[in-house]
$ cat work-v7.cif   # mmCIF, C-alpha atoms
data_model
loop_
_atom_site.label_atom_id
_atom_site.label_comp_id
_atom_site.auth_asym_id
_atom_site.auth_seq_id
_atom_site.Cartn_x
_atom_site.Cartn_y
_atom_site.Cartn_z
CA MET R 1 -19.49 147.76 68.76
CA LYS R 2 -21.11 145.02 70.72
CA THR R 3 -24.40 146.88 70.41
CA VAL R 4 -24.00 147.18 66.64
CA ILE R 5 -23.28 143.44 66.31
CA THR R 6 -26.26 142.64 68.51
CA ALA R 7 -28.44 144.92 66.41
CA ILE R 8 -27.22 143.27 63.17
CA VAL R 9 -27.81 139.78 64.59
CA ALA R 10 -31.29 140.82 65.75
CA LEU R 11 -31.99 142.29 62.30
CA VAL R 12 -30.82 139.10 60.55
CA ILE R 13 -32.90 136.92 62.90
CA GLY R 14 -35.94 139.16 62.39
CA ALA R 15 -35.50 139.11 58.61
CA ALA R 16 -35.11 135.31 58.61
CA GLY R 17 -38.23 134.95 60.77
CA GLY R 18 -40.14 137.26 58.46
CA TYR R 19 -38.94 135.32 55.42
CA PHE R 20 -40.04 131.96 56.85
CA TYR R 21 -43.38 133.42 57.97
CA ALA R 22 -43.97 134.86 54.49
CA GLN R 23 -42.82 131.61 52.88
CA ASN R 24 -45.44 129.74 54.94
CA ASP R 25 -48.12 132.13 53.63
CA VAL R 26 -46.91 131.64 50.06
CA THR R 27 -47.05 127.85 50.48
CA THR R 28 -50.59 128.09 51.89
CA LEU R 29 -51.70 130.35 49.04
CA GLN R 30 -50.07 128.06 46.48
CA GLY R 31 -51.98 125.10 47.93
CA ALA R 32 -55.24 127.03 47.75
CA LEU R 33 -54.49 128.05 44.16
CA ASP R 34 -53.74 124.45 43.19
CA ALA R 35 -56.99 123.27 44.79
CA ALA R 36 -58.91 125.99 42.93
CA LYS R 37 -57.29 124.98 39.62
CA GLN R 38 -58.20 121.35 40.24
CA SER R 39 -61.80 122.29 41.06
CA MET R 40 -61.98 124.40 37.92
CA GLU R 41 -60.68 121.54 35.76
CA SER R 42 -63.18 119.16 37.33
CA ALA R 43 -66.03 121.60 36.72
CA LYS R 44 -64.87 122.10 33.12
CA GLN R 45 -64.78 118.35 32.53
CA LYS R 46 -68.26 117.91 34.01
CA ALA R 47 -69.55 120.79 31.86
CA GLU R 48 -68.10 119.17 28.73
CA GLU R 49 -69.68 115.82 29.64
CA THR R 50 -73.03 117.49 30.27
CA MET R 51 -72.78 119.36 26.97
CA GLY R 52 -72.14 116.08 25.18
CA GLU R 53 -75.14 114.49 26.86
CA LEU R 54 -77.33 117.47 25.98
CA THR R 55 -76.18 117.34 22.36
CA ALA R 56 -76.99 113.63 22.20
CA SER R 57 -80.40 114.23 23.77
CA LYS R 58 -81.08 117.04 21.32
CA GLU R 59 -80.22 114.81 18.37
CA GLU R 60 -82.34 111.99 19.76
CA SER R 61 -85.26 114.38 20.28
CA ALA R 62 -84.93 115.69 16.74
CA THR R 63 -85.01 112.12 15.41
CA THR R 64 -88.06 111.31 17.54
CA ILE R 65 -89.84 114.45 16.36
CA LYS R 66 -89.10 113.58 12.72
CA THR R 67 -90.42 110.05 13.25
CA LEU R 68 -93.59 111.37 14.89
CA GLU R 69 -94.11 113.89 12.09
CA ASP R 70 -93.75 111.10 9.52
CA GLU R 71 -96.21 108.92 11.44
CA LEU R 72 -98.67 111.83 11.68
CA ALA R 73 -98.43 112.48 7.93
CA ALA R 74 -99.04 108.78 7.24
CA ALA R 75 -102.03 108.77 9.62
CA LYS R 76 -103.47 111.87 7.93
CA GLN R 77 -103.07 110.23 4.52
CA GLN R 78 -104.73 107.06 5.76
CA ALA R 79 -107.59 109.10 7.30
CA GLU R 80 -108.10 110.94 4.01
CA GLU R 81 -108.19 107.65 2.13
CA SER R 82 -110.67 106.23 4.65
CA MET R 83 -112.88 109.32 4.37
CA SER R 84 -112.79 108.98 0.59
CA LYS R 85 -113.87 105.34 0.88
CA VAL R 86 -116.68 106.34 3.27
CA SER R 87 -117.84 108.99 0.79
CA ASP R 88 -117.76 106.42 -2.01
CA LEU R 89 -119.76 103.97 0.13
CA GLU R 90 -122.31 106.65 1.02
CA ALA R 91 -122.71 107.49 -2.66
CA ARG R 92 -123.11 103.79 -3.49
CA ILE R 93 -125.75 103.42 -0.73
CA GLN R 94 -127.69 106.34 -2.18
CA GLU R 95 -127.49 104.78 -5.65
CA LEU R 96 -128.76 101.46 -4.30
CA GLU R 97 -131.57 103.16 -2.37
CA ALA R 98 -132.52 105.10 -5.49
CA ALA R 99 -132.44 101.94 -7.58
CA GLN R 100 -134.56 100.11 -5.01
CA GLN R 101 -137.12 102.90 -4.94
CA SER R 102 -137.30 103.05 -8.72
CA SER R 103 -137.81 99.31 -8.96
CA GLN R 104 -140.75 99.40 -6.60
#
$ encode --input "work-v7.cif" --output "structure tokens"
Amino acid sequence: MKTVITAIVALVIGAAGGYFYAQNDVTTLQGALDAAKQSMESAKQKAEETMGELTASKEESATTIKTLEDELAAAKQQAEESMSKVSDLEARIQELEAAQQSSQ
């Protein structure tokens, strides 16, 4: 009987030791899981901030491109008008030269 009681006590002590050892592992794993969740949330927040910055940059770039396109169109129009004036002046010079030659 004494042997049976000793065996039961040893079994209870072994089970308790195993429980506490396993509980320590669970606590360690829970801490690692919490740290991983926190890192994931931080990475998600940074990704959202970066996405917002990229969206703002994209919109700013689109506005800049539109402004440059408008400026280019205005410059082309001005160049066409200038070329038209040059052509008119060249024609006027030819008329004057012709008039001068005919008057001589």
$ atom_distance --input "work-v7.cif" --atom1 "atom CA of Thr63 of chain R" --atom2 "atom CA of Gln78 of chain R"
22.5 Å
$ atom_distance --input "work-v7.cif" --atom1 "atom CA of Ser87 of chain R" --atom2 "atom CA of Asp70 of chain R"
25.7 Å
$ atom_distance --input "work-v7.cif" --atom1 "atom CA of Glu95 of chain R" --atom2 "atom CA of Ser82 of chain R"
19.8 Å
$ build_atoms --input "work-v7.cif" --residues "segment 73-94 of chain R" --atoms "N, CA and C atoms" --output "PDB file, keeping the file's coordinate frame"
ATOM      1  N   ALA R  73     -98.125 112.281   9.354  1.00  0.00           N
ATOM      2  CA  ALA R  73     -98.430 112.480   7.930  1.00  0.00           C
ATOM      3  C   ALA R  73     -99.043 111.207   7.346  1.00  0.00           C
ATOM      4  N   ALA R  74     -98.498 110.055   7.723  1.00  0.00           N
ATOM      5  CA  ALA R  74     -99.040 108.780   7.240  1.00  0.00           C
ATOM      6  C   ALA R  74    -100.462 108.569   7.763  1.00  0.00           C
ATOM      7  N   ALA R  75    -100.694 108.918   9.028  1.00  0.00           N
ATOM      8  CA  ALA R  75    -102.030 108.770   9.620  1.00  0.00           C
ATOM      9  C   ALA R  75    -103.024 109.703   8.936  1.00  0.00           C
ATOM     10  N   LYS R  76    -102.595 110.931   8.637  1.00  0.00           N
ATOM     11  CA  LYS R  76    -103.470 111.870   7.930  1.00  0.00           C
ATOM     12  C   LYS R  76    -103.826 111.319   6.550  1.00  0.00           C
ATOM     13  N   GLN R  77    -102.836 110.796   5.849  1.00  0.00           N
ATOM     14  CA  GLN R  77    -103.070 110.230   4.520  1.00  0.00           C
ATOM     15  C   GLN R  77    -104.048 109.065   4.602  1.00  0.00           C
ATOM     16  N   GLN R  78    -103.845 108.210   5.589  1.00  0.00           N
ATOM     17  CA  GLN R  78    -104.730 107.060   5.760  1.00  0.00           C
ATOM     18  C   GLN R  78    -106.152 107.533   6.112  1.00  0.00           C
ATOM     19  N   ALA R  79    -106.271 108.567   6.942  1.00  0.00           N
ATOM     20  CA  ALA R  79    -107.590 109.100   7.300  1.00  0.00           C
ATOM     21  C   ALA R  79    -108.284 109.684   6.068  1.00  0.00           C
ATOM     22  N   GLU R  80    -107.532 110.386   5.239  1.00  0.00           N
ATOM     23  CA  GLU R  80    -108.100 110.940   4.010  1.00  0.00           C
ATOM     24  C   GLU R  80    -108.589 109.833   3.083  1.00  0.00           C
ATOM     25  N   GLU R  81    -107.794 108.774   2.975  1.00  0.00           N
ATOM     26  CA  GLU R  81    -108.190 107.650   2.130  1.00  0.00           C
ATOM     27  C   GLU R  81    -109.448 106.983   2.692  1.00  0.00           C
ATOM     28  N   SER R  82    -109.489 106.838   4.022  1.00  0.00           N
ATOM     29  CA  SER R  82    -110.670 106.230   4.650  1.00  0.00           C
ATOM     30  C   SER R  82    -111.901 107.097   4.440  1.00  0.00           C
ATOM     31  N   MET R  83    -111.753 108.414   4.589  1.00  0.00           N
ATOM     32  CA  MET R  83    -112.880 109.320   4.370  1.00  0.00           C
ATOM     33  C   MET R  83    -113.349 109.253   2.920  1.00  0.00           C
ATOM     34  N   SER R  84    -112.422 109.114   1.998  1.00  0.00           N
ATOM     35  CA  SER R  84    -112.790 108.980   0.590  1.00  0.00           C
ATOM     36  C   SER R  84    -113.575 107.701   0.360  1.00  0.00           C
ATOM     37  N   LYS R  85    -113.157 106.613   0.995  1.00  0.00           N
ATOM     38  CA  LYS R  85    -113.870 105.340   0.880  1.00  0.00           C
ATOM     39  C   LYS R  85    -115.278 105.453   1.477  1.00  0.00           C
ATOM     40  N   VAL R  86    -115.371 106.144   2.627  1.00  0.00           N
ATOM     41  CA  VAL R  86    -116.680 106.340   3.270  1.00  0.00           C
ATOM     42  C   VAL R  86    -117.586 107.136   2.330  1.00  0.00           C
ATOM     43  N   SER R  87    -117.043 108.191   1.735  1.00  0.00           N
ATOM     44  CA  SER R  87    -117.840 108.990   0.790  1.00  0.00           C
ATOM     45  C   SER R  87    -118.296 108.150  -0.387  1.00  0.00           C
ATOM     46  N   ASP R  88    -117.404 107.301  -0.908  1.00  0.00           N
ATOM     47  CA  ASP R  88    -117.760 106.420  -2.010  1.00  0.00           C
ATOM     48  C   ASP R  88    -118.861 105.442  -1.585  1.00  0.00           C
ATOM     49  N   LEU R  89    -118.739 104.904  -0.364  1.00  0.00           N
ATOM     50  CA  LEU R  89    -119.760 103.970   0.130  1.00  0.00           C
ATOM     51  C   LEU R  89    -121.095 104.671   0.333  1.00  0.00           C
ATOM     52  N   GLU R  90    -121.073 105.902   0.846  1.00  0.00           N
ATOM     53  CA  GLU R  90    -122.310 106.650   1.020  1.00  0.00           C
ATOM     54  C   GLU R  90    -122.977 106.913  -0.332  1.00  0.00           C
ATOM     55  N   ALA R  91    -122.168 107.261  -1.321  1.00  0.00           N
ATOM     56  CA  ALA R  91    -122.710 107.490  -2.660  1.00  0.00           C
ATOM     57  C   ALA R  91    -123.294 106.197  -3.228  1.00  0.00           C
ATOM     58  N   ARG R  92    -122.636 105.099  -3.001  1.00  0.00           N
ATOM     59  CA  ARG R  92    -123.110 103.790  -3.490  1.00  0.00           C
ATOM     60  C   ARG R  92    -124.422 103.409  -2.803  1.00  0.00           C
ATOM     61  N   ILE R  93    -124.511 103.702  -1.476  1.00  0.00           N
ATOM     62  CA  ILE R  93    -125.750 103.420  -0.730  1.00  0.00           C
ATOM     63  C   ILE R  93    -126.894 104.235  -1.314  1.00  0.00           C
ATOM     64  N   GLN R  94    -126.639 105.489  -1.607  1.00  0.00           N
ATOM     65  CA  GLN R  94    -127.690 106.340  -2.180  1.00  0.00           C
ATOM     66  C   GLN R  94    -128.116 105.818  -3.551  1.00  0.00           C
TER      67      GLN R  94
END
